[in-house]
Amino acid sequence: MSLTSKVLWAMLFGIIIGLIINMTGVNTQGSFVHEYIVGGLFMIVGTMFITALKMLVVPLVFFSLISGVLGIGDVRKLGSVGLKSFGLYMMTTAIAIATAIGLASVILPWFATVTQSSSATFIAKDAPTLSSVLIDIIPANVVSAFAEGNMLQIIFFSILLGISLLMVGAKAKGIAEGVEIMNEAMMNMVNIVMSVAPYAVFALLAKAVSELGLDLLMSLAGYVIVLILALMFHLFGTLMLVLKFFSGLNPKIFLAKIRDAQIFAFSTASSNATIPVTLRCVTQRMGVDNSVASFYCVLPRLEFH
């Protein structure tokens, strides 16, 4: 059985077990199931797995981007790849936002009559100014940027270091080979961590469903329907048209090759944790050169909070 099939079965069993625990009422506060199964085993396994993947993100992005820059070998070509990556990301993001807003404005009013009122309030953080966003791209302390996992600063430093190594020329050959070896080692670490993905996905879903229950899930039906429709439209509509127009590749083959990353992103709801899986699918299953994959898989993760 493939890893994808194992994860799908794990998702199904996790939902079933979670519903059984919730509907039987054995997950009450202080009970054995609550303390040692849901809040113990499920929580520990799921959290350790997500943490392990997040542990790989920073070194994987660092070595992958440097390896990608060195693999391109030409600063002018590097600029072209970077601009295309950013342009593609901005275009698909704009379409995704428009799709979500459009679907929400049409579907959510249908559920307004059954939505329960709440006294809870939410205070959003103020959006940063453009000047602060641009200034924060450059790390004042590289070690601090790596320690805090500031992806924007790490990406900037990695690309700048890769360009600098290109400028050194032949004398940097040893470092380039070492970076390539480390990049392969990180991909092997991803494979090791992913070997336990089915068990972790089962634990994550079983814990979430056992705590939320069917009633709460049904009350969120409007949000869930809008989310699923928006994701399906963006995936099978927008992105497949872009894929066919710019590359001429068969969308069915692409979806089959990238399936592991899609299922994992859906089951964990963590885009950062999905970066290692995405890079593995793109480079190992689709045969994309790392010099290109590192940009198109990592650069779209830039987040402006």
# chains A, B, ... in the order shown; residues from 1 in each chain; ligands from 1
>>> closest_atom_pairs(of="range 178-261 of chain A", to="range 279-284 of chain A", cutoff="8 Å", atoms="only C-alpha atoms", output="tab-separated table")
residue	atom	partner	partner_atom	distance
A:Met187	CA	A:Arg280	CA	6.7
A:Val190	CA	A:Arg280	CA	7.8
A:Lys257	CA	A:Cys281	CA	6.7
A:Ile258	CA	A:Cys281	CA	5.7
A:Asp260	CA	A:Cys281	CA	7.2
A:Ala261	CA	A:Cys281	CA	6.9
>>> residues_around(residues="Ile37 in chain A", least_positions_apart="2", cutoff="12 Å", atoms="only C-alpha atoms", output="list in words")
Ile17, Gly18, Ile21, Val26, Asn27, Thr28, Gly30, Ser31, Phe32, Val33, His34, Glu35, Gly39, Gly40, Leu41, Phe42, Met43, Ile44, Val45, Gly46, Ala203, Leu204, Ala206, Lys207, Ser210 and Glu211 of chain A
>>> residues_around(residues="Ile263 in chain A", least_positions_apart="6", cutoff="9 Å", atoms="only C-alpha atoms", output="list of chain:residue names")
A:Thr4, A:Val7, A:Leu8
>>> atom_distance(atom1="CA of Leu56 in chain A", atom2="CA of Ile275 in chain A")
9.1 Å
>>> select_by_dssp(residues="range 25-247 of chain A", states="helix (DSSP H, G or I)", output="MDAnalysis selection string")
chainID A and resid 32:72 75:114 130:136 142:148 151:194 197:219 221:247
>>> residues_around(residues="range 143-157 of chain A", least_positions_apart="5", cutoff="7 Å", atoms="only C-alpha atoms", output="PyMOL selection string")
chain A and resi 58+62+137-138+302
